[in-house]
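Note: the block below is run_30.cif and it holds mmCIF, C-alpha atoms.
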data_structure
#
loop_
_atom_site.label_atom_id
_atom_site.label_comp_id
_atom_site.auth_asym_id
_atom_site.auth_seq_id
_atom_site.Cartn_x
_atom_site.Cartn_y
_atom_site.Cartn_z
CA MET A 1 84.45 84.20 83.73
CA LEU A 2 85.27 84.13 87.42
CA LEU A 3 88.20 82.13 88.68
CA ARG A 4 86.82 79.33 90.82
CA GLY A 5 88.30 78.39 94.15
CA VAL A 6 89.33 74.83 94.81
CA VAL A 7 86.46 72.87 96.32
CA VAL A 8 87.53 71.49 99.67
CA ALA A 9 85.04 69.26 101.52
CA VAL A 10 85.94 70.56 104.95
CA PHE A 11 85.28 73.68 106.96
CA LEU A 12 87.90 76.44 106.71
CA VAL A 13 89.98 76.07 109.86
CA GLY A 14 89.30 78.89 112.31
CA SER A 15 86.83 80.73 110.10
CA GLY A 16 83.63 78.90 110.95
CA LEU A 17 82.61 79.12 107.30
CA PRO A 18 81.13 76.05 105.60
CA LEU A 19 82.06 74.62 102.24
CA THR A 20 79.49 76.67 100.31
CA ALA A 21 81.08 79.90 101.44
CA GLN A 22 84.42 78.74 100.07
CA GLN A 23 83.24 78.03 96.54
CA ASN A 24 83.19 80.63 93.77
CA ARG A 25 85.44 82.97 95.70
CA ILE A 26 85.97 86.34 94.07
CA ARG A 27 89.43 87.83 93.85
CA VAL A 28 89.58 91.62 93.66
CA ALA A 29 92.65 93.72 92.95
CA VAL A 30 92.68 97.34 94.11
CA THR A 31 95.30 99.79 92.91
CA ILE A 32 96.04 101.35 96.31
CA GLU A 33 95.86 100.05 99.88
CA ALA A 34 93.22 102.56 101.01
CA LEU A 35 90.62 100.98 98.71
CA LYS A 36 90.87 97.57 100.37
CA PRO A 37 88.57 98.40 103.32
CA LEU A 38 85.90 99.72 100.94
CA VAL A 39 85.97 96.56 98.82
CA ALA A 40 86.26 94.21 101.78
CA ALA A 41 83.22 95.78 103.44
CA VAL A 42 81.01 94.79 100.49
CA LEU A 43 82.79 91.59 99.48
CA GLY A 44 82.70 90.15 102.97
CA ASP A 45 83.73 86.50 103.43
CA VAL A 46 83.10 85.35 99.85
CA GLY A 47 86.30 86.71 98.34
CA ASP A 48 89.75 88.21 98.80
CA VAL A 49 91.20 91.67 98.18
CA TYR A 50 94.80 92.60 97.51
CA SER A 51 96.57 95.85 96.71
CA ILE A 52 98.71 96.32 93.61
CA VAL A 53 100.81 99.14 95.04
CA PRO A 54 102.62 98.16 98.25
CA GLU A 55 101.53 100.19 101.26
CA GLU A 56 104.95 101.77 101.66
CA ALA A 57 105.16 102.91 98.01
CA GLU A 58 104.08 106.28 96.57
CA PRO A 59 101.29 105.42 94.09
CA HIS A 60 101.52 108.40 91.73
CA GLY A 61 104.99 107.40 90.56
CA PHE A 62 104.25 103.67 90.42
CA THR A 63 105.52 101.76 87.38
CA LEU A 64 103.80 98.72 85.90
CA THR A 65 105.93 95.58 85.61
CA PRO A 66 105.28 92.15 84.04
CA ASN A 67 104.84 90.72 87.55
CA VAL A 68 102.16 93.30 88.35
CA ILE A 69 100.30 92.43 85.15
CA ARG A 70 100.51 88.70 85.87
CA SER A 71 99.20 89.23 89.38
CA ALA A 72 96.28 91.33 88.14
CA LEU A 73 95.43 88.65 85.58
CA ASN A 74 94.56 86.35 88.48
CA SER A 75 91.84 88.71 89.70
CA ASP A 76 88.19 88.77 88.70
CA LEU A 77 87.90 92.52 89.15
CA VAL A 78 90.35 95.43 89.15
CA VAL A 79 89.22 98.48 91.14
CA THR A 80 90.94 101.77 90.30
CA THR A 81 90.73 105.30 91.65
CA GLY A 82 90.67 106.53 88.05
CA HIS A 83 93.02 109.46 88.56
CA MET A 84 96.39 107.88 87.73
CA GLU A 85 97.44 107.10 84.16
CA TRP A 86 99.05 103.77 84.96
CA GLU A 87 95.72 102.46 86.33
CA GLY A 88 94.12 102.77 82.89
CA ASP A 89 97.12 101.10 81.28
CA LEU A 90 96.84 98.21 83.75
CA VAL A 91 93.16 97.62 83.00
CA VAL A 92 93.72 97.75 79.23
CA GLN A 93 96.57 95.23 79.40
CA VAL A 94 94.68 92.85 81.69
CA ALA A 95 91.57 93.02 79.49
CA SER A 96 93.66 92.43 76.37
CA GLU A 97 95.31 89.36 77.90
CA LYS A 98 91.93 87.98 78.93
CA GLY A 99 90.31 88.82 75.62
CA VAL A 100 87.48 90.83 77.20
CA SER A 101 86.43 94.47 77.33
CA PRO A 102 88.08 96.68 79.98
CA ASP A 103 84.72 97.64 81.47
CA SER A 104 83.81 94.01 82.10
CA ILE A 105 86.74 93.36 84.46
CA SER A 106 87.23 96.76 86.09
CA LEU A 107 85.53 99.45 88.16
CA ASN A 108 86.72 103.04 87.85
CA LEU A 109 85.58 104.78 91.03
CA LEU A 110 85.98 108.22 89.53
CA SER A 111 83.35 107.36 86.91
CA LEU A 112 80.63 106.41 89.41
CA ALA A 113 77.54 108.59 89.20
CA GLY A 114 77.21 110.94 92.15
CA ILE A 115 80.87 111.05 93.16
CA GLN A 116 81.57 114.49 94.63
CA LEU A 117 84.80 116.19 93.62
CA LEU A 118 85.87 119.15 95.73
CA LYS A 119 87.34 122.26 94.16
CA PHE A 120 90.73 123.69 95.07
CA ASP A 121 91.79 126.97 93.47
CA GLY A 122 88.95 126.50 91.00
CA GLU A 123 90.08 123.05 89.82
CA SER A 124 88.50 119.67 90.55
CA ASN A 125 90.51 117.74 93.13
CA LEU A 126 90.95 114.13 91.97
CA HIS A 127 93.14 113.08 94.92
CA GLY A 128 91.60 111.31 97.91
CA PHE A 129 87.93 111.59 96.92
CA TRP A 130 87.28 108.06 98.27
CA LEU A 131 87.75 109.39 101.83
CA LEU A 132 84.66 111.60 101.83
CA PRO A 133 81.93 109.65 103.67
CA ASP A 134 79.23 110.30 101.08
CA ASN A 135 81.62 109.17 98.32
CA ALA A 136 82.44 106.04 100.31
CA VAL A 137 78.75 105.11 100.30
CA ILE A 138 78.49 105.68 96.54
CA ILE A 139 81.58 103.52 96.04
CA ALA A 140 80.10 100.74 98.20
CA ARG A 141 76.92 100.76 96.13
CA GLY A 142 78.92 100.68 92.91
CA LEU A 143 80.89 97.72 94.21
CA ARG A 144 77.67 95.99 95.27
CA ASP A 145 76.30 96.26 91.74
CA LYS A 146 79.54 95.27 90.02
CA LEU A 147 80.17 92.28 92.26
CA SER A 148 76.56 91.14 91.93
CA ALA A 149 76.95 91.19 88.15
CA LEU A 150 80.12 89.10 88.45
CA GLU A 151 78.62 86.55 90.84
CA PRO A 152 74.79 86.82 91.02
CA SER A 153 74.54 83.99 93.53
CA TYR A 154 76.06 86.30 96.15
CA SER A 155 73.98 89.38 95.35
CA GLU A 156 72.03 89.19 98.61
CA VAL A 157 75.28 88.95 100.55
CA PHE A 158 76.65 92.02 98.81
CA SER A 159 73.44 93.97 99.38
CA SER A 160 73.38 93.09 103.07
CA ASN A 161 77.04 94.01 103.48
CA CYS A 162 76.44 97.30 101.69
CA ARG A 163 73.58 98.19 104.03
CA ASP A 164 75.75 97.44 107.05
CA PHE A 165 78.48 99.66 105.60
CA GLU A 166 76.04 102.52 105.04
CA ASN A 167 74.92 102.28 108.68
CA ARG A 168 78.54 102.48 109.89
CA VAL A 169 79.20 105.50 107.68
CA SER A 170 76.06 107.18 108.99
CA ASN A 171 77.34 106.72 112.55
CA LEU A 172 80.72 108.08 111.49
CA LYS A 173 79.16 111.23 110.04
CA LEU A 174 77.19 111.84 113.24
CA PHE A 175 80.35 111.46 115.30
CA LEU A 176 82.37 113.82 113.11
CA ARG A 177 79.59 116.38 113.25
CA SER A 178 79.48 116.14 117.05
CA LEU A 179 83.23 116.74 117.25
CA SER A 180 82.95 119.79 115.02
CA GLU A 181 80.19 121.21 117.19
CA ARG A 182 81.96 120.39 120.44
CA TYR A 183 85.19 122.13 119.44
CA GLY A 184 83.58 124.93 117.46
CA SER A 185 85.74 124.06 114.46
CA SER A 186 83.16 124.21 111.69
CA ASN A 187 84.65 125.91 108.62
CA ALA A 188 87.94 126.54 110.43
CA ARG A 189 90.71 127.00 107.89
CA VAL A 190 93.65 124.60 107.69
CA VAL A 191 96.80 124.10 105.65
CA ILE A 192 97.09 120.76 103.86
CA GLY A 193 100.24 119.00 102.74
CA PHE A 194 98.85 117.67 99.46
CA TYR A 195 95.45 117.79 97.75
CA ALA A 196 94.20 114.45 99.13
CA GLU A 197 94.01 115.91 102.64
CA GLN A 198 91.24 118.26 101.50
CA TYR A 199 88.78 115.36 101.66
CA VAL A 200 89.81 114.51 105.22
CA ALA A 201 89.39 118.15 106.23
CA GLU A 202 86.02 118.42 104.48
CA ALA A 203 84.71 115.30 106.25
CA MET A 204 85.43 117.04 109.56
CA GLY A 205 83.87 120.35 108.62
CA LEU A 206 87.22 122.07 108.04
CA LYS A 207 88.22 124.11 105.01
CA ALA A 208 91.52 123.60 103.21
CA ASP A 209 92.81 127.07 102.33
CA ALA A 210 96.44 126.46 101.38
CA VAL A 211 98.38 123.45 100.07
CA LEU A 212 102.11 123.00 100.58
CA VAL A 213 102.74 120.74 97.57
CA GLY A 214 100.82 121.20 94.33
CA GLU A 215 100.62 119.09 91.18
CA GLU A 216 104.25 119.88 90.42
CA GLU A 217 105.14 118.11 93.70
CA ALA A 218 107.33 120.97 94.89
CA ILE A 219 106.95 123.64 97.57
CA SER A 220 107.06 127.11 96.04
CA PRO A 221 108.34 130.23 97.87
CA GLY A 222 104.98 131.93 97.29
CA VAL A 223 103.10 129.13 99.02
CA LEU A 224 105.51 129.12 101.95
CA SER A 225 105.07 132.86 102.37
CA LYS A 226 101.27 132.52 102.39
CA VAL A 227 101.42 129.68 104.90
CA TYR A 228 103.84 131.50 107.23
CA ASN A 229 101.79 134.68 107.19
CA GLY A 230 98.53 132.82 107.73
CA LEU A 231 99.91 130.76 110.60
CA LYS A 232 101.52 133.72 112.34
CA SER A 233 98.29 135.70 112.14
CA GLY A 234 96.27 132.77 113.47
CA ASP A 235 94.25 132.28 110.28
CA TYR A 236 94.92 128.54 110.24
CA THR A 237 93.93 126.08 112.94
CA CYS A 238 96.47 123.38 112.09
CA ILE A 239 98.39 121.69 109.29
CA VAL A 240 96.93 118.41 107.99
CA VAL A 241 99.54 116.19 106.33
CA SER A 242 99.06 112.77 104.74
CA ASP A 243 101.24 109.75 104.14
CA THR A 244 101.33 110.75 100.45
CA ALA A 245 102.64 114.24 101.24
CA LEU A 246 105.38 112.88 103.48
CA TRP A 247 106.82 110.92 100.53
CA MET A 248 107.32 114.12 98.54
CA SER A 249 110.62 115.92 98.43
CA GLY A 250 111.25 118.60 101.02
CA VAL A 251 107.96 118.21 102.89
CA GLN A 252 109.29 116.85 106.17
CA SER A 253 112.02 119.49 106.48
CA ALA A 254 109.54 122.25 105.59
CA LEU A 255 107.11 121.00 108.23
CA ARG A 256 109.78 121.02 110.92
CA GLU A 257 110.70 124.61 110.07
CA ILE A 258 107.12 125.85 109.80
CA SER A 259 105.96 124.20 113.00
CA GLY A 260 109.08 125.23 114.86
CA GLU A 261 108.76 128.89 113.90
CA THR A 262 104.99 129.28 114.18
CA GLY A 263 104.04 126.71 116.81
CA CYS A 264 101.23 125.45 114.61
CA PRO A 265 100.24 121.85 115.43
CA ILE A 266 100.47 119.19 112.72
CA ALA A 267 98.02 116.32 112.24
CA TYR A 268 99.34 113.32 110.32
CA VAL A 269 96.52 111.48 108.55
CA SER A 270 96.19 108.45 106.32
CA VAL A 271 94.86 108.72 102.75
CA VAL A 272 96.47 105.86 100.80
CA SER A 273 97.67 103.53 103.59
CA THR A 274 95.62 101.67 106.19
CA HIS A 275 98.26 101.09 108.90
CA GLY A 276 96.64 97.81 109.86
CA LEU A 277 93.08 99.14 110.12
CA SER A 278 90.59 96.95 108.27
CA TYR A 279 87.56 99.24 108.21
CA TYR A 280 86.98 102.48 106.34
CA ASP A 281 85.28 104.09 109.33
CA ALA A 282 88.14 103.03 111.60
CA ILE A 283 90.58 104.85 109.28
CA MET A 284 88.43 107.97 109.44
CA TYR A 285 88.14 107.75 113.25
CA TYR A 286 91.92 107.46 113.25
CA ASN A 287 92.19 110.58 111.09
CA ALA A 288 89.69 112.40 113.29
CA GLY A 289 91.75 111.58 116.35
CA GLN A 290 94.86 112.99 114.72
CA VAL A 291 93.15 116.18 113.58
CA TYR A 292 91.24 116.92 116.76
CA ASN A 293 94.19 116.08 118.95
CA ALA A 294 96.12 118.75 117.04
CA ILE A 295 93.23 121.19 117.36
CA ALA A 296 92.54 120.51 121.04
CA SER A 297 96.01 120.17 122.48
CA GLY A 298 98.36 121.85 120.01
CA ARG A 299 100.65 118.84 120.41
CA ARG A 300 102.99 118.29 117.45
CA LEU A 301 103.70 114.77 116.24
CA SER A 302 106.84 113.95 114.31
CA PRO A 303 106.67 112.14 110.94
CA GLU A 304 108.71 109.33 112.50
CA GLY A 305 105.81 108.77 114.90
CA PHE A 306 103.30 108.24 112.12
CA ASN A 307 101.95 104.87 113.18
CA MET A 308 98.86 103.54 114.82
CA TYR A 309 100.50 102.48 118.08
CA LEU A 310 102.11 105.81 118.93
CA PHE A 311 98.87 107.43 117.82
CA ILE A 312 96.95 105.55 120.49
CA ALA A 313 99.52 106.31 123.19
CA VAL A 314 99.61 110.03 122.46
CA LEU A 315 95.90 110.53 121.86
CA ALA A 316 95.04 108.95 125.20
CA LEU A 317 96.14 112.26 126.74
CA SER A 318 93.05 114.12 125.56
CA ALA A 319 89.34 113.44 126.08
CA VAL A 320 88.45 113.56 122.41
CA VAL A 321 91.14 111.05 121.59
CA VAL A 322 90.01 108.62 124.27
CA GLU A 323 86.55 108.67 122.71
CA THR A 324 88.00 108.21 119.24
CA VAL A 325 90.16 105.24 120.20
CA LEU A 326 87.27 103.54 121.97
CA LEU A 327 85.15 103.87 118.85
CA VAL A 328 87.92 102.47 116.67
CA LYS A 329 88.42 99.51 118.96
CA GLY A 330 84.70 98.88 119.00
CA ARG A 331 84.56 98.86 115.19
CA VAL A 332 87.50 96.47 114.86
CA ARG A 333 85.86 93.96 117.19
CA THR A 334 82.57 93.90 115.25
#
Could you rewrite the structure in this file as C-alpha cells?
Amino acid sequence: MLLRGVVVAVFLVGSGLPLTAQQNRIRVAVTIEALKPLVAAVLGDVGDVYSIVPEEAEPHGFTLTPNVIRSALNSDLVVTTGHMEWEGDLVVQVASEKGVSPDSISLNLLSLAGIQLLKFDGESNLHGFWLLPDNAVIIARGLRDKLSALEPSYSEVFSSNCRDFENRVSNLKLFLRSLSERYGSSNARVVIGFYAEQYVAEAMGLKADAVLVGEEEAISPGVLSKVYNGLKSGDYTCIVVSDTALWMSGVQSALREISGETGCPIAYVSVVSTHGLSYYDAIMYYNAGQVYNAIASGRRLSPEGFNMYLFIAVLALSAVVVETVLLVKGRVRT
C-alpha cells in the first residue's frame, strides 16, 4: 500500500501545483544517483526520488546499514540496477519488513525485457547499461508500467511523461549521430577506465577496445602494455574515464603517466553521478561534450577538474562544445 502524503488544503508554495497534485505522492528510492533522472522523468510532479548511495560514494563497495534499511522502508518503490549483490539484499529486507513480496515493491532494471547488454572480451557487461539511449527508453517504459500499477490514478501522467522522455531521447540520438558524422569518429577505438564507460562510448558510435581496470579492480601490467602500445601507434582516439573508475586504486596516477607519455587526451564522463544535472539527456550531452572535446582538441582535463562548471568553461573553447552546452542549457530550462 502506498504511503500517503499529508493533505494540505493550500497550493504548494512556488510550485504552482494544486492540492490534488500533492495527494497520494509516490516515494521512490533508487540505488545510485544516476537512476534519479530516469525515474524523475516518468514520475514527474506526483512523487519524489532519492538515492540510497550518496553521490560521492563508490556504489560497488557500498554496505547496507540499519539506517539505509529504515530509509528504504519509507519508499513505495525501490529501483535497482540489478548488478550489485547488496541491491538484492536491500529489496529482500525491505519486503520482509513490509510483509510483501520483493517483486511488488521493487523494479530490477537488469530484468526488463529488451535491455541490451554489450559484450566486452566475450562477457556481458553489466556496468552502466542504463546509459545507452535505447536502454533508457526501455527503462522509462518499465517505470511507467510499474508506477501505474502502484498508483493507477496517475497512469495517464506517467504515460505522458514517458512519451516526452522518448522524444527527448530521440533528439539526443540524432545529435550524437550528427557529431559522429561531423568528426568522422564512427567506430573509432578508445580506451575506457572501467566497463561502465563502454556504454557511453557505444552511444557515441565509438568502440571500447581496452579497459584499464577490470573486475578485479586493479590495473595489470599486460593491460598497461597494450594501452601504451595502442596509444603510441595511434590506434586509440582517446581515453574515456568515469567517476567510478576514478575512485579505484591507482587509476589517477596511471592516467597521468599514460597521458603524459603518449599525449592521448582524456575525457572524464559521468556514469553513476549526476553533478547537478536533472535530466538523463543533459547528462549524455555533458558526456558527449567531454568526449568530443577530447577528440576535437586533444585537450587533457585533470581529475580535479571533473565538475560541471569547469566543464562549461573549458568546452566553450571549441565549436562542438558550444553546441553541446547550449543544448544542455535548453534542456534544463524546459
Mind telling me what the PyMOL selection byres ((chain A and resi 177-182) around 12) catches here, as a VMD selection string?
-> chain A and resid 133 170 to 176 183 to 188 201 to 206 285 288 to 289 291 to 293 295 to 296 319 to 321 323 to 324
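With all atoms listed in the file taken into account, the protein and nucleic acid residues at most 10 Å from Met248 of chain A (excluding it and anything under 5 positions from it in its own chain) are A:Glu58, A:Gly193, A:Phe194, A:Val213, A:Glu217, A:Ala218, A:Ile219, A:Asp243.
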Got a sec to resolve the PyMOL selection byres ((chain A and resi 56) around 10) on this structure and send the residues as a ChimeraX atom specification?
-> /A:33,53-55,57-59,243-244,247,272-273,275
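Among the candidates A:Tyr199, A:Phe165, A:Tyr154, A:Trp130, the residue lying nearest to Gly47 of chain A is A:Tyr154 (atoms considered: all atoms listed in the file).
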Shell of 12 Å around Arg70 of chain A, only C-alpha atoms, local chain residues under 2 positions omitted, as an MDAnalysis selection string = chainID A and resid 29 52 64:68 72:75 90:91 93:95 97:98
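With distances taken over all atoms listed in the file, A:Asn24 is the one residue among A:Tyr236, A:Leu77, A:Asn24, A:Asp281 lying closest to Pro152 of chain A.
Between atom CA of Lys226 of chain A and atom CA of Met84 of chain A the separation is 29.1 Å.
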Result set, the PyMOL selection byres ((chain A and resi 269) around 10) on current file, as a list in words | Glu197, Val200, Val240, Val241, Ser242, Asp243, Thr244, Ala245, Ile266, Ala267, Tyr268, Ser270, Val271, Val272, Ser273, Ile283, Met284, Tyr286, Asn287, Ala288, Gly289, Gln290, Val291, Phe306 and Asn307 of chain A
Now that the selection is made, can you save its residues with C-alpha atoms as a PDB file, keeping the file's coordinate frame?
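Result written to again_16.pdb:
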ATOM      1  CA  GLU A 197      94.010 115.910 102.640  1.00  0.00           C
ATOM      2  CA  VAL A 200      89.810 114.510 105.220  1.00  0.00           C
ATOM      3  CA  VAL A 240      96.930 118.410 107.990  1.00  0.00           C
ATOM      4  CA  VAL A 241      99.540 116.190 106.330  1.00  0.00           C
ATOM      5  CA  SER A 242      99.060 112.770 104.740  1.00  0.00           C
ATOM      6  CA  ASP A 243     101.240 109.750 104.140  1.00  0.00           C
ATOM      7  CA  THR A 244     101.330 110.750 100.450  1.00  0.00           C
ATOM      8  CA  ALA A 245     102.640 114.240 101.240  1.00  0.00           C
ATOM      9  CA  ILE A 266     100.470 119.190 112.720  1.00  0.00           C
ATOM     10  CA  ALA A 267      98.020 116.320 112.240  1.00  0.00           C
ATOM     11  CA  TYR A 268      99.340 113.320 110.320  1.00  0.00           C
ATOM     12  CA  SER A 270      96.190 108.450 106.320  1.00  0.00           C
ATOM     13  CA  VAL A 271      94.860 108.720 102.750  1.00  0.00           C
ATOM     14  CA  VAL A 272      96.470 105.860 100.800  1.00  0.00           C
ATOM     15  CA  SER A 273      97.670 103.530 103.590  1.00  0.00           C
ATOM     16  CA  ILE A 283      90.580 104.850 109.280  1.00  0.00           C
ATOM     17  CA  MET A 284      88.430 107.970 109.440  1.00  0.00           C
ATOM     18  CA  TYR A 286      91.920 107.460 113.250  1.00  0.00           C
ATOM     19  CA  ASN A 287      92.190 110.580 111.090  1.00  0.00           C
ATOM     20  CA  ALA A 288      89.690 112.400 113.290  1.00  0.00           C
ATOM     21  CA  GLY A 289      91.750 111.580 116.350  1.00  0.00           C
ATOM     22  CA  GLN A 290      94.860 112.990 114.720  1.00  0.00           C
ATOM     23  CA  VAL A 291      93.150 116.180 113.580  1.00  0.00           C
ATOM     24  CA  PHE A 306     103.300 108.240 112.120  1.00  0.00           C
ATOM     25  CA  ASN A 307     101.950 104.870 113.180  1.00  0.00           C
TER      26      ASN A 307
END
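As for atom CA of Gly263 of chain A and atom CA of Phe120 of chain A, they are spaced 25.7 Å apart.
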Extract, using all atoms listed in the file, all DNA, RNA and protein residues at most 10 Å from Glu85 of chain A, discarding same-chain residues fewer than 4 positions from it, and format them as a PDB file with C-alpha atoms, keeping the file's coordinate frame.
ATOM      1  CA  HIS A  60     101.520 108.400  91.730  1.00  0.00           C
ATOM      2  CA  GLY A  61     104.990 107.400  90.560  1.00  0.00           C
ATOM      3  CA  PHE A  62     104.250 103.670  90.420  1.00  0.00           C
ATOM      4  CA  ASP A  89      97.120 101.100  81.280  1.00  0.00           C
ATOM      5  CA  LEU A  90      96.840  98.210  83.750  1.00  0.00           C
TER       6      LEU A  90
END
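Between atom CA of Leu43 of chain A and atom CA of Glu151 of chain A the interatomic distance comes to 10.8 Å.
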Find the residues near Ala149 of chain A: any atom within 12 Å, counting all atoms listed in the file, skip ones fewer than 6 places away on the same chain, and give them as a ChimeraX atom specification.
-> /A:1-2,26,76-77,104-107,142-143,155-156,158
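Counting all atoms listed in the file and comparing A:Gly234, A:Gly214, A:Gly44, A:Pro37, the residue that lies closest to Leu131 of chain A is A:Pro37.
Taking only C-alpha atoms into account, the residues near (91.6, 112.8, 88.5), no farther than 7 Å, are Gly82, His83, Met84, Asn125, Leu126 and His127 of chain A.
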Would you write out those residues with C-alpha atoms, as a PDB file, in the frame of the given file?
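This is the output file result.pdb:
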ATOM      1  CA  GLY A  82      90.670 106.530  88.050  1.00  0.00           C
ATOM      2  CA  HIS A  83      93.020 109.460  88.560  1.00  0.00           C
ATOM      3  CA  MET A  84      96.390 107.880  87.730  1.00  0.00           C
ATOM      4  CA  ASN A 125      90.510 117.740  93.130  1.00  0.00           C
ATOM      5  CA  LEU A 126      90.950 114.130  91.970  1.00  0.00           C
ATOM      6  CA  HIS A 127      93.140 113.080  94.920  1.00  0.00           C
TER       7      HIS A 127
END
Find, counting all atoms listed in the file, the residue in A:Ile192, A:Ala282, A:Val30, A:Ala254 that gets nearest to Pro221 of chain A.
-> A:Ala254
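Nearest to Val28 of chain A of all the residues A:Thr80, A:Thr63, A:Thr274, A:Gln116 is A:Thr80, counting all atoms listed in the file.
Comparing the minimum interatomic distances between Gln252 of chain A and each of A:Val137, A:Val42, A:Val157, A:Leu212, counting all atoms listed in the file, we find that A:Leu212 sits nearest.
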